[in-house]
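Data block for upload.txt (compact mmCIF, C-alpha atoms):
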```txt
# COMPACT_ATOMS: atom_id res chain seq x y z
CA MET A 16 76.32 114.07 60.07
CA ASP A 17 79.88 112.81 59.61
CA THR A 18 81.37 116.30 59.63
CA ASN A 19 79.37 116.95 62.76
CA LEU A 20 81.07 114.00 64.50
CA ILE A 21 84.50 115.15 63.35
CA TRP A 22 83.69 118.62 64.65
CA ILE A 23 82.70 117.22 68.06
CA PHE A 24 85.93 115.20 68.23
CA VAL A 25 88.30 117.99 67.21
CA SER A 26 86.52 120.51 69.38
CA ALA A 27 86.86 118.33 72.49
CA LEU A 28 90.43 117.35 71.61
CA LEU A 29 91.93 120.73 70.81
CA ILE A 30 89.69 123.76 70.95
CA ASN A 31 87.80 123.09 74.17
CA ASN A 32 90.49 120.91 75.69
CA PHE A 33 89.23 119.68 79.05
CA THR A 34 92.42 120.34 80.97
CA LEU A 35 93.62 123.50 79.31
CA THR A 36 90.41 125.46 78.82
CA TYR A 37 87.93 123.98 81.31
CA PHE A 38 90.55 123.25 84.01
CA LEU A 39 89.06 119.82 84.61
CA GLY A 40 91.22 117.03 85.98
CA LEU A 41 93.91 119.36 87.19
CA CYS A 42 94.89 117.29 90.22
CA PRO A 43 96.35 114.41 88.18
CA PHE A 44 97.54 116.92 85.58
CA LEU A 45 99.82 118.55 88.14
CA GLY A 46 100.40 115.52 90.35
CA VAL A 47 101.23 112.67 88.00
CA SER A 48 102.98 114.53 85.20
CA SER A 49 106.56 114.18 86.33
CA ARG A 50 107.31 111.21 84.05
CA LEU A 51 106.32 110.86 80.43
CA GLU A 52 105.47 107.16 80.61
CA THR A 53 103.26 107.40 83.68
CA ALA A 54 101.53 110.43 82.22
CA PHE A 55 100.75 108.56 79.01
CA ARG A 56 99.32 105.59 80.89
CA LEU A 57 97.21 107.85 83.07
CA GLY A 58 95.93 109.45 79.88
CA LEU A 59 94.95 106.05 78.48
CA ALA A 60 93.16 105.17 81.71
CA ASN A 61 91.34 108.47 81.42
CA ILE A 62 90.12 107.66 77.90
CA PHE A 63 88.99 104.26 79.13
CA VAL A 64 87.00 105.61 82.08
CA MET A 65 85.52 108.35 79.91
CA LEU A 66 84.19 105.76 77.47
CA ILE A 67 82.49 103.90 80.32
CA THR A 68 81.16 107.24 81.55
CA ALA A 69 79.69 108.07 78.16
CA ILE A 70 77.86 104.76 78.05
CA CYS A 71 76.61 105.09 81.65
CA SER A 72 75.45 108.66 81.29
CA TYR A 73 73.61 107.83 78.08
CA ALA A 74 71.82 104.98 79.82
CA LEU A 75 70.95 107.12 82.83
CA ASN A 76 69.77 110.02 80.68
CA THR A 77 67.50 107.79 78.65
CA TRP A 78 65.98 105.56 81.29
CA VAL A 79 66.29 107.13 84.72
CA LEU A 80 66.70 110.88 84.77
CA PRO A 81 63.57 111.92 82.83
CA PHE A 82 61.62 110.66 85.84
CA ALA A 83 63.83 112.06 88.61
CA PRO A 84 65.97 115.00 87.43
CA TYR A 85 67.08 115.89 90.97
CA LEU A 86 68.97 112.58 91.17
CA ARG A 87 71.30 113.63 88.37
CA LEU A 88 74.49 114.25 90.34
CA ILE A 89 74.11 111.42 92.82
CA SER A 90 73.24 108.82 90.21
CA PHE A 91 76.03 109.92 87.85
CA ILE A 92 78.65 109.57 90.53
CA ILE A 93 77.45 106.29 91.95
CA VAL A 94 76.78 104.57 88.65
CA ILE A 95 80.07 105.69 87.13
CA ALA A 96 82.08 104.69 90.19
CA SER A 97 80.52 101.27 90.44
CA SER A 98 80.73 100.47 86.72
CA VAL A 99 84.40 101.38 86.71
CA GLN A 100 84.89 99.11 89.68
CA PHE A 101 83.07 96.35 87.85
CA VAL A 102 85.05 96.78 84.64
CA GLU A 103 88.22 96.81 86.70
CA ILE A 104 87.38 93.40 88.17
CA ALA A 105 86.53 92.04 84.73
CA LEU A 106 89.74 93.45 83.31
CA LYS A 107 91.81 91.83 86.04
CA LYS A 108 90.35 88.48 85.08
CA PHE A 109 90.39 88.69 81.29
CA SER A 110 93.28 90.96 80.42
CA PRO A 111 95.93 91.12 83.13
CA GLU A 112 98.33 93.07 80.89
CA LEU A 113 95.88 95.87 80.33
CA PHE A 114 95.02 95.81 83.99
CA LYS A 115 98.67 96.15 84.90
CA ALA A 116 99.06 99.14 82.63
CA LEU A 117 95.96 101.01 83.76
CA GLY A 118 95.13 99.36 87.06
CA ILE A 119 96.37 101.70 89.74
CA PHE A 120 94.98 104.75 88.00
CA LEU A 121 91.41 103.56 87.62
CA PRO A 122 90.16 104.17 91.16
CA LEU A 123 92.12 107.43 91.25
CA ILE A 124 90.33 109.03 88.35
CA THR A 125 86.86 107.63 88.85
CA THR A 126 85.63 110.61 90.82
CA ASN A 127 87.86 113.04 88.99
CA CYS A 128 86.24 116.28 87.88
CA ALA A 129 87.01 115.55 84.24
CA ILE A 130 84.87 112.40 84.38
CA LEU A 131 81.85 114.03 86.00
CA GLY A 132 82.41 117.08 83.79
CA LEU A 133 82.20 114.89 80.70
CA ALA A 134 78.90 113.39 81.84
CA LEU A 135 77.45 116.82 82.64
CA PHE A 136 78.66 118.56 79.51
CA SER A 137 77.46 115.87 77.15
CA THR A 138 74.09 115.89 78.92
CA ASN A 139 73.87 119.68 78.64
CA LYS A 140 74.72 119.51 74.97
CA GLY A 141 72.09 116.84 74.40
CA TYR A 142 74.41 114.34 72.73
CA GLY A 143 73.06 110.96 71.66
CA PHE A 144 74.89 107.65 71.98
CA VAL A 145 77.35 107.90 69.07
CA GLU A 146 77.99 111.59 69.65
CA GLY A 147 78.59 110.91 73.34
CA ILE A 148 81.18 108.23 72.55
CA VAL A 149 82.96 110.47 70.06
CA TYR A 150 82.90 113.33 72.57
CA ALA A 151 84.39 111.04 75.24
CA LEU A 152 87.15 109.94 72.86
CA GLY A 153 87.99 113.52 71.99
CA ALA A 154 87.93 114.70 75.57
CA GLY A 155 90.04 111.75 76.76
CA GLY A 156 92.49 112.31 73.93
CA GLY A 157 92.69 115.97 74.88
CA VAL A 158 93.45 115.17 78.51
CA THR A 159 96.13 112.69 77.39
CA LEU A 160 97.63 115.25 75.04
CA ALA A 161 97.84 117.89 77.78
CA LEU A 162 99.34 115.40 80.26
CA VAL A 163 101.96 114.18 77.80
CA LEU A 164 102.91 117.72 76.78
CA LEU A 165 103.38 118.87 80.37
CA ALA A 166 105.23 115.69 81.35
CA GLY A 167 107.56 116.08 78.38
CA ILE A 168 108.40 119.65 79.31
CA ARG A 169 108.89 118.71 82.95
CA GLU A 170 111.28 115.91 82.01
CA GLU A 171 113.31 118.37 79.96
CA THR A 172 113.49 120.91 82.76
CA ARG A 173 114.75 118.40 85.29
CA LEU A 174 118.29 118.96 84.02
CA THR A 175 118.05 122.72 83.88
CA ASN A 176 118.56 125.18 86.64
CA VAL A 177 115.11 126.18 87.85
CA PRO A 178 115.18 128.82 90.61
CA LYS A 179 114.33 127.24 93.93
CA LEU A 180 111.46 129.62 94.68
CA ILE A 181 109.45 128.80 91.59
CA GLU A 182 110.05 125.02 91.65
CA GLY A 183 107.01 122.76 91.96
CA THR A 184 103.42 123.76 91.44
CA ALA A 185 104.06 127.40 90.59
CA PHE A 186 106.39 126.39 87.76
CA ASN A 187 103.99 123.74 86.45
CA LEU A 188 101.11 126.21 86.45
CA ILE A 189 103.03 128.79 84.46
CA VAL A 190 104.14 126.15 81.94
CA ALA A 191 100.52 124.98 81.71
CA GLY A 192 99.49 128.58 81.08
CA ILE A 193 101.89 128.83 78.15
CA ILE A 194 100.64 125.50 76.70
CA SER A 195 97.08 126.73 77.15
CA MET A 196 97.94 129.95 75.33
CA ALA A 197 99.33 127.91 72.44
CA PHE A 198 96.12 125.85 72.34
CA MET A 199 94.07 129.02 71.97
CA GLY A 200 95.45 129.20 68.47
CA PHE A 201 93.29 126.19 67.58
CA ALA A 202 90.17 128.30 68.11
CA GLY A 203 90.51 129.51 64.54
CA LEU A 204 90.48 125.95 63.18
CA PHE A 205 86.75 125.93 62.49
CA SER A 206 84.73 129.05 61.97
CA ALA A 207 81.33 127.64 62.73
CA MET B 10 101.13 119.07 108.16
CA ILE B 11 98.63 119.55 110.98
CA GLU B 12 100.37 120.70 114.12
CA GLU B 13 99.10 118.65 117.02
CA THR B 14 98.29 120.77 120.01
CA ASN B 15 96.85 119.27 123.15
CA ASN B 16 93.57 121.10 123.15
CA PRO B 17 92.80 122.73 119.85
CA THR B 18 90.05 125.28 120.30
CA SER B 19 87.46 126.14 117.72
CA ALA B 20 89.25 129.42 117.10
CA ASP B 21 92.46 127.57 116.20
CA GLU B 22 90.63 125.27 113.82
CA PHE B 23 88.99 128.28 112.23
CA LEU B 24 92.15 130.32 111.81
CA LYS B 25 94.39 127.60 110.39
CA GLY B 26 92.27 127.29 107.25
CA ILE B 27 92.57 130.95 106.42
CA TRP B 28 96.30 131.27 106.28
CA ARG B 29 98.57 128.52 107.59
CA GLU B 30 96.80 125.66 105.81
CA ASN B 31 95.05 127.68 103.14
CA PRO B 32 93.44 125.08 100.86
CA VAL B 33 94.46 126.71 97.58
CA PHE B 34 97.80 128.36 98.29
CA VAL B 35 99.31 125.83 100.67
CA ALA B 36 97.54 122.51 100.12
CA VAL B 37 96.76 123.14 96.40
CA LEU B 38 93.32 121.54 96.60
CA GLY B 39 90.19 122.44 94.70
CA MET B 40 92.04 123.74 91.69
CA CYS B 41 89.35 123.25 89.07
CA PRO B 42 86.93 125.84 90.47
CA ALA B 43 89.80 128.03 91.62
CA LEU B 44 90.80 128.51 88.00
CA ALA B 45 87.69 127.90 85.97
CA VAL B 46 85.28 130.46 87.41
CA THR B 47 87.65 133.14 88.67
CA ASN B 48 87.51 135.34 85.58
CA SER B 49 85.68 138.01 87.56
CA ALA B 50 85.46 138.94 91.22
CA ILE B 51 81.71 138.42 91.41
CA ASN B 52 81.90 134.87 90.03
CA SER B 53 84.69 134.04 92.46
CA LEU B 54 82.61 135.27 95.37
CA ALA B 55 79.56 133.29 94.26
CA MET B 56 81.63 130.14 93.85
CA GLY B 57 83.24 130.68 97.24
CA LEU B 58 79.89 131.09 98.97
CA ALA B 59 78.37 128.06 97.25
CA THR B 60 81.36 125.97 98.32
CA THR B 61 81.05 127.34 101.85
CA PHE B 62 77.44 126.23 102.02
CA VAL B 63 78.24 122.72 100.82
CA LEU B 64 81.33 122.28 102.97
CA VAL B 65 79.75 123.50 106.21
CA SER B 66 76.49 121.59 105.81
CA SER B 67 78.13 118.33 104.84
CA SER B 68 80.66 118.67 107.68
CA VAL B 69 77.80 119.02 110.16
CA LEU B 70 76.05 115.96 108.79
CA VAL B 71 79.19 113.81 108.55
CA SER B 72 80.22 114.82 112.05
CA LEU B 73 76.76 113.99 113.44
CA PHE B 74 76.73 110.58 111.78
CA ARG B 75 80.39 109.77 112.37
CA LYS B 76 79.59 106.88 114.69
CA VAL B 77 76.85 105.46 112.47
CA ILE B 78 78.58 105.34 109.10
CA PRO B 79 80.45 102.03 108.67
CA LYS B 80 84.15 102.39 107.86
CA GLN B 81 84.00 100.38 104.63
CA VAL B 82 81.45 102.54 102.86
CA ARG B 83 82.36 105.89 104.36
CA ILE B 84 83.63 107.51 101.16
CA THR B 85 80.44 106.58 99.32
CA ALA B 86 78.38 107.93 102.20
CA TYR B 87 80.31 111.22 102.19
CA ILE B 88 79.86 111.57 98.45
CA ILE B 89 76.12 111.02 98.70
CA ILE B 90 75.87 113.65 101.47
CA ILE B 91 77.95 116.13 99.48
CA ALA B 92 76.03 115.47 96.26
CA THR B 93 72.75 116.10 98.07
CA PHE B 94 73.84 119.53 99.24
CA VAL B 95 75.30 120.40 95.86
CA THR B 96 71.99 119.51 94.21
CA ALA B 97 70.27 121.78 96.73
CA ILE B 98 72.54 124.77 96.08
CA ASP B 99 72.31 124.15 92.34
CA PHE B 100 68.52 124.46 92.41
CA LEU B 101 68.63 127.37 94.88
CA LEU B 102 70.95 129.38 92.65
CA ALA B 103 68.92 128.54 89.57
CA ALA B 104 65.78 129.80 91.31
CA PHE B 105 67.09 132.98 92.96
CA PHE B 106 70.18 134.04 90.99
CA PRO B 107 69.65 132.74 87.45
CA VAL B 108 72.29 135.07 85.97
CA ILE B 109 75.06 133.79 88.22
CA HIS B 110 73.84 130.22 87.80
CA LYS B 111 74.18 130.61 84.05
CA GLU B 112 77.68 132.12 84.32
CA LEU B 113 78.96 129.34 86.56
CA GLY B 114 77.17 126.65 84.55
CA ALA B 115 78.24 123.09 85.17
CA PHE B 116 80.88 124.21 87.66
CA ILE B 117 78.26 124.44 90.41
CA ALA B 118 77.53 120.75 89.91
CA LEU B 119 81.24 120.06 89.85
CA ILE B 120 81.56 121.20 93.48
CA VAL B 121 80.79 117.53 94.24
CA VAL B 122 84.21 116.47 93.06
CA ASN B 123 86.08 119.34 94.68
CA CYS B 124 88.80 117.41 96.52
CA LEU B 125 88.82 120.03 99.27
CA ILE B 126 85.34 119.05 100.48
CA LEU B 127 85.84 115.29 100.48
CA GLY B 128 89.28 115.82 101.99
CA ARG B 129 87.89 117.74 104.97
CA GLN B 130 85.22 115.11 105.62
CA GLU B 131 87.78 112.33 105.62
CA ALA B 132 90.49 114.18 107.50
CA PHE B 133 88.49 116.16 110.01
CA ALA B 134 84.70 116.04 110.22
CA SER B 135 84.56 112.26 110.56
CA LYS B 136 86.78 112.35 113.64
CA ASN B 137 85.63 115.41 115.55
CA LYS B 138 82.64 116.85 117.38
CA VAL B 139 80.15 119.02 115.53
CA GLY B 140 81.42 122.30 116.97
CA LEU B 141 85.02 121.70 115.92
CA ALA B 142 83.93 120.36 112.54
CA VAL B 143 81.94 123.52 111.85
CA ALA B 144 84.87 125.71 112.90
CA ASP B 145 87.21 123.78 110.63
CA ALA B 146 84.77 123.85 107.71
CA LEU B 147 84.16 127.58 108.12
CA GLY B 148 87.88 128.33 108.29
CA MET B 149 88.64 126.27 105.21
CA SER B 150 85.73 127.87 103.34
CA VAL B 151 86.83 131.39 104.23
CA GLY B 152 90.37 130.50 103.16
CA PHE B 153 89.06 129.05 99.91
CA THR B 154 86.82 132.05 99.22
CA PHE B 155 89.71 134.39 100.05
CA ALA B 156 91.99 132.58 97.59
CA LEU B 157 89.31 132.60 94.89
CA LEU B 158 88.73 136.31 95.43
CA CYS B 159 92.47 137.03 95.18
CA ILE B 160 92.66 135.27 91.83
CA GLY B 161 89.37 136.75 90.64
CA ILE B 162 90.30 140.33 91.57
CA ILE B 163 93.70 140.12 89.89
CA ARG B 164 92.20 138.62 86.74
CA GLU B 165 89.34 141.09 86.53
CA ILE B 166 91.50 144.17 87.13
CA LEU B 167 94.11 143.15 84.57
CA GLY B 168 91.81 141.49 82.06
CA ASN B 169 88.88 143.85 82.12
CA GLY B 170 90.08 146.99 83.90
CA SER B 171 87.25 146.75 86.39
CA LEU B 172 86.39 145.40 89.83
CA PHE B 173 82.95 143.97 90.66
CA ASN B 174 81.89 145.36 87.25
CA ILE B 175 82.90 148.93 88.19
CA SER B 176 85.37 150.36 85.72
CA LEU B 177 88.61 151.43 87.40
CA PHE B 178 90.82 153.04 84.83
CA GLY B 179 88.42 154.75 82.46
CA PRO B 180 88.08 154.16 78.73
CA ASN B 181 91.77 154.61 77.87
CA PHE B 182 92.81 151.37 79.58
CA GLU B 183 93.84 148.61 77.19
CA PRO B 184 92.75 145.38 78.95
CA TRP B 185 95.02 142.32 78.98
CA VAL B 186 92.37 140.10 77.46
CA ILE B 187 94.54 137.03 78.08
CA MET B 188 93.96 137.32 81.83
CA ILE B 189 90.24 136.58 81.64
CA LEU B 190 90.83 133.75 79.15
CA PRO B 191 91.89 130.29 80.40
CA PRO B 192 95.69 130.85 80.28
CA GLY B 193 95.27 133.83 82.61
CA GLY B 194 93.96 131.50 85.30
CA PHE B 195 97.11 129.41 85.17
CA PHE B 196 99.31 132.51 85.20
CA ALA B 197 97.47 134.23 88.04
CA LEU B 198 97.57 131.18 90.31
CA GLY B 199 101.17 130.41 89.33
CA PHE B 200 102.36 133.86 90.28
CA LEU B 201 100.28 133.94 93.47
CA LEU B 202 101.90 130.65 94.54
CA LEU B 203 105.28 132.11 93.70
CA PHE B 204 104.50 135.11 95.89
CA PHE B 205 103.33 132.80 98.68
CA ASN B 206 106.56 130.76 98.50
CA TRP B 207 108.61 133.91 98.57
CA TYR B 208 106.72 135.29 101.57
CA THR B 209 107.06 132.05 103.56
CA GLU B 210 110.77 131.90 102.79
CA TRP B 211 111.22 135.54 103.76
CA ARG B 212 109.41 135.04 107.07
CA LYS B 213 111.54 132.01 107.84
CA LYS B 214 114.75 133.90 107.15
CA LYS B 215 113.62 136.81 109.30
CA ASN B 216 112.85 134.49 112.20
CA GLU B 217 116.21 132.76 111.85
CA THR B 218 118.19 135.98 111.97
CA ARG B 219 116.18 137.09 114.96
CA ASP B 220 116.82 133.86 116.83
CA ALA B 221 120.55 133.83 116.07
```
Represent the structure from my file as structure tokens, please.
Amino acid sequence: MDTNLIWIFVSALLINNFTLTYFLGLCPFLGVSSRLETAFRLGLANIFVMLITAICSYALNTWVLPFAPYLRLISFIIVIASSVQFVEIALKKFSPELFKALGIFLPLITTNCAILGLALFSTNKGYGFVEGIVYALGAGGGVTLALVLLAGIREETRLTNVPKLIEGTAFNLIVAGIISMAFMGFAGLFSA
Amino acid sequence: MIEETNNPTSADEFLKGIWRENPVFVAVLGMCPALAVTNSAINSLAMGLATTFVLVSSSVLVSLFRKVIPKQVRITAYIIIIATFVTAIDFLLAAFFPVIHKELGAFIALIVVNCLILGRQEAFASKNKVGLAVADALGMSVGFTFALLCIGIIREILGNGSLFNISLFGPNFEPWVIMILPPGGFFALGFLLLFFNWYTEWRKKKNETRDA
């Protein structure tokens, strides 16, 4: 059981990294990765929203969706969006520091593909409550890792002479491709 | 980015999505599906058509209801409309094309969060008549499908040596397996964007020398 949880975590973090192998959450990955600090905070916000998502999707899967499977997409989106909104309000009241650090990113990533992807994938895999939470932690960690790596490389290249034609998205995509290639090496980590 | 002309016709709205404001190459929207399912030409085409269905139908509905939907809850309303159509296409594909549905997997459901679709509702369909909205949605969808096909064709030819599952080079071809794996998606789109930048720059230079 315990090794199973570790396997879920490592698999979501490294081997099936959400950003680098499923291409989920690419918009913030390319948009907000110009500074290391911002990227890290966005990553944290991602982990936070993913945890809420895991809880919501577990609740929906247990109590609502067995009776109305066609509502899956609509209910996921609406419930996740409104719970994040709710937690945001609570956070503002009880922990202003945390709110300041994550605040502006929360509405941005609520309807991000990585969030909905997490809910769908963990439903498809039939994860229970604990497994879902661990999966969310791994996936969020993976997204953070990818963001921080790309932001780090982009900060380094700011001082170098990048040809004008390739500057911007094309450059970021090719760098992301190389990072993704490196991550493929993790596939040999477990042979299960 | 949108050039304001006095009387944009449906044809203009249709054509701009294909090239001048191509959603993938110029606006860089809808990246997740553009990279995740384009490992073969057939998957790209299926994804493009599914997105077309969702984008056109939800544009019609949003445009019809544009005076009824209150401003404050418009995004929620759009999302519900989009999610409804995505659920429909999800079940349709599962019923009629189970093989493709299995290949695309959760990415059909993820059309809901394709920023291209929500973006068009907010930027265009909610402000224009049904005819124009359909033209715009069709143009954007054709542009999106075209971009997906470009990426899919490049990746399938290089990564598998085939096109639409028909082998091109015979058995002696050593496929670049990396191209159909995730990194290949990043590389293919990266180089296509590079090509697009170069082409735009080249056109601009040509026009300048002609004008001078």
Requested in this report: Please tell me which residues are no farther than 10 Å from (80.4, 144.7, 89.9) in the file, counting only C-alpha atoms, and write them as a ChimeraX atom specification.
Outcome: /B:49-52,171-176
Can those selected residues be exported to a file as a JSON list (two decimals), keeping the file's coordinate frame so that it contains C-alpha atoms?
```
[["chain", "number", "residue", "atom", "x", "y", "z"],
["B", 49, "SER", "CA", 85.68, 138.01, 87.56],
["B", 50, "ALA", "CA", 85.46, 138.94, 91.22],
["B", 51, "ILE", "CA", 81.71, 138.42, 91.41],
["B", 52, "ASN", "CA", 81.90, 134.87, 90.03],
["B", 171, "SER", "CA", 87.25, 146.75, 86.39],
["B", 172, "LEU", "CA", 86.39, 145.40, 89.83],
["B", 173, "PHE", "CA", 82.95, 143.97, 90.66],
["B", 174, "ASN", "CA", 81.89, 145.36, 87.25],
["B", 175, "ILE", "CA", 82.90, 148.93, 88.19],
["B", 176, "SER", "CA", 85.37, 150.36, 85.72]]
```
Can you report as JSON the centre and edge lengths in Å, to one decimal, of an axis-aligned box around the listed atoms of segment 111-122 of chain A padded with 5 Å on each side?
```
{"center_x": 94.6, "center_y": 97.9, "center_z": 85.7, "size_x": 18.9, "size_y": 23.6, "size_z": 20.8}
```
Between chain A and chain B, at 8 Å or less, what are the per-residue closest atom pairs and their distances in Å? Count only C-alpha atoms, order by chain and rising residue number, and return it as JSON lines.
```
{"residue": "A:Leu35", "atom": "CA", "partner": "B:Pro191", "partner_atom": "CA", "distance": 7.1}
{"residue": "A:Thr36", "atom": "CA", "partner": "B:Pro191", "partner_atom": "CA", "distance": 5.3}
{"residue": "A:Tyr37", "atom": "CA", "partner": "B:Ala45", "partner_atom": "CA", "distance": 6.1}
{"residue": "A:Phe38", "atom": "CA", "partner": "B:Cys41", "partner_atom": "CA", "distance": 5.2}
{"residue": "A:Leu39", "atom": "CA", "partner": "B:Cys41", "partner_atom": "CA", "distance": 5.6}
{"residue": "A:Gly40", "atom": "CA", "partner": "B:Cys41", "partner_atom": "CA", "distance": 7.2}
{"residue": "A:Leu41", "atom": "CA", "partner": "B:Cys41", "partner_atom": "CA", "distance": 6.3}
{"residue": "A:Cys42", "atom": "CA", "partner": "B:Met40", "partner_atom": "CA", "distance": 7.2}
{"residue": "A:Tyr85", "atom": "CA", "partner": "B:Thr96", "partner_atom": "CA", "distance": 6.9}
{"residue": "A:Leu88", "atom": "CA", "partner": "B:Ala92", "partner_atom": "CA", "distance": 6.2}
{"residue": "A:Ile89", "atom": "CA", "partner": "B:Ala92", "partner_atom": "CA", "distance": 5.7}
{"residue": "A:Ile93", "atom": "CA", "partner": "B:Thr85", "partner_atom": "CA", "distance": 8.0}
{"residue": "A:Thr126", "atom": "CA", "partner": "B:Val122", "partner_atom": "CA", "distance": 6.4}
{"residue": "A:Asn127", "atom": "CA", "partner": "B:Val122", "partner_atom": "CA", "distance": 6.5}
{"residue": "A:Cys128", "atom": "CA", "partner": "B:Val122", "partner_atom": "CA", "distance": 5.6}
{"residue": "A:Leu131", "atom": "CA", "partner": "B:Leu119", "partner_atom": "CA", "distance": 7.2}
{"residue": "A:Gly132", "atom": "CA", "partner": "B:Leu119", "partner_atom": "CA", "distance": 6.9}
{"residue": "A:Leu135", "atom": "CA", "partner": "B:Ala115", "partner_atom": "CA", "distance": 6.8}
{"residue": "A:Phe136", "atom": "CA", "partner": "B:Ala115", "partner_atom": "CA", "distance": 7.3}
{"residue": "A:Leu180", "atom": "CA", "partner": "B:Asn206", "partner_atom": "CA", "distance": 6.3}
{"residue": "A:Ile181", "atom": "CA", "partner": "B:Leu203", "partner_atom": "CA", "distance": 5.7}
{"residue": "A:Thr184", "atom": "CA", "partner": "B:Gly199", "partner_atom": "CA", "distance": 7.3}
{"residue": "A:Ala185", "atom": "CA", "partner": "B:Gly199", "partner_atom": "CA", "distance": 4.4}
{"residue": "A:Phe186", "atom": "CA", "partner": "B:Gly199", "partner_atom": "CA", "distance": 6.8}
{"residue": "A:Asn187", "atom": "CA", "partner": "B:Gly199", "partner_atom": "CA", "distance": 7.8}
{"residue": "A:Leu188", "atom": "CA", "partner": "B:Gly199", "partner_atom": "CA", "distance": 5.1}
{"residue": "A:Ile189", "atom": "CA", "partner": "B:Phe196", "partner_atom": "CA", "distance": 5.3}
{"residue": "A:Ala191", "atom": "CA", "partner": "B:Phe195", "partner_atom": "CA", "distance": 6.6}
{"residue": "A:Gly192", "atom": "CA", "partner": "B:Pro192", "partner_atom": "CA", "distance": 4.5}
{"residue": "A:Ile193", "atom": "CA", "partner": "B:Pro192", "partner_atom": "CA", "distance": 6.9}
{"residue": "A:Ser195", "atom": "CA", "partner": "B:Pro192", "partner_atom": "CA", "distance": 5.4}
{"residue": "A:Met196", "atom": "CA", "partner": "B:Pro192", "partner_atom": "CA", "distance": 5.5}
```
Query raised in the report: Quick one: residues within 10 Å of segment 56-62 of chain A, all atoms listed in the file counted, chain neighbours fewer than 2 positions away excluded, as a PyMOL selection string?
Result: chain A and resi 40+43-44+47-48+51-54+64-68+113-114+116-125+127+129-130+151-163
**Report entry** Neighbour list for Gly179 of chain B as a PyMOL selection string, cut-off 12 Å, only C-alpha atoms, skip fewer than 6 positions in-chain
**Finding:** chain B and resi 166+169-171
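You will find atom CA of Tyr142 of chain A at 13.1 Å from atom CA of Ala27 of chain A.
For the atom pair formed by atom CA of Glu183 of chain B and atom CA of Gly161 of chain B, the distance is 18.5 Å, given to one decimal.
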Report summary line: A straight line from atom CA of Leu141 of chain B to atom CA of Val65 of chain B spans 11.2 Å
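Among the candidates A:Val149, A:Leu164, A:Ala83, A:Ser49, the one nearest to Phe198 of chain A when counting only C-alpha atoms is A:Leu164.
Nearest to Asp21 of chain B of all the residues B:Ile84, B:Ala142, B:Arg75, B:Leu102 is B:Ala142, counting only C-alpha atoms.
Minimum distance to Val69 of chain B across B:Val33, B:Ile98, B:Met56, B:Ala146 (counting all atoms listed in the file) occurs at B:Ala146.
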Filled-in N, CA, C and O atoms of segment 67-75 of chain A, supplied as a CSV table (one decimal), keeping the file's coordinate frame:
```csv
chain,number,residue,atom,x,y,z
A,67,ILE,N,83.5,104.5,79.4
A,67,ILE,CA,82.5,103.9,80.3
A,67,ILE,C,81.5,105.0,80.8
A,67,ILE,O,80.3,104.7,80.8
A,68,THR,N,82.0,106.2,81.1
A,68,THR,CA,81.2,107.2,81.6
A,68,THR,C,80.1,107.6,80.5
A,68,THR,O,79.0,107.8,80.8
A,69,ALA,N,80.6,107.7,79.2
A,69,ALA,CA,79.7,108.1,78.2
A,69,ALA,C,78.6,107.1,78.1
A,69,ALA,O,77.4,107.5,77.9
A,70,ILE,N,78.9,105.8,78.1
A,70,ILE,CA,77.9,104.8,78.0
A,70,ILE,C,76.9,104.9,79.2
A,70,ILE,O,75.7,104.9,79.0
A,71,CYS,N,77.5,105.0,80.5
A,71,CYS,CA,76.6,105.1,81.6
A,71,CYS,C,75.7,106.3,81.6
A,71,CYS,O,74.5,106.2,81.9
A,72,SER,N,76.3,107.5,81.2
A,72,SER,CA,75.4,108.7,81.3
A,72,SER,C,74.4,108.6,80.2
A,72,SER,O,73.3,109.1,80.4
A,73,TYR,N,74.7,108.0,79.1
A,73,TYR,CA,73.6,107.8,78.1
A,73,TYR,C,72.5,107.0,78.6
A,73,TYR,O,71.3,107.3,78.5
A,74,ALA,N,72.8,105.9,79.3
A,74,ALA,CA,71.8,105.0,79.8
A,74,ALA,C,71.0,105.7,80.9
A,74,ALA,O,69.8,105.6,80.9
A,75,LEU,N,71.7,106.4,81.8
A,75,LEU,CA,71.0,107.1,82.8
A,75,LEU,C,70.0,108.2,82.2
A,75,LEU,O,68.9,108.3,82.7
```
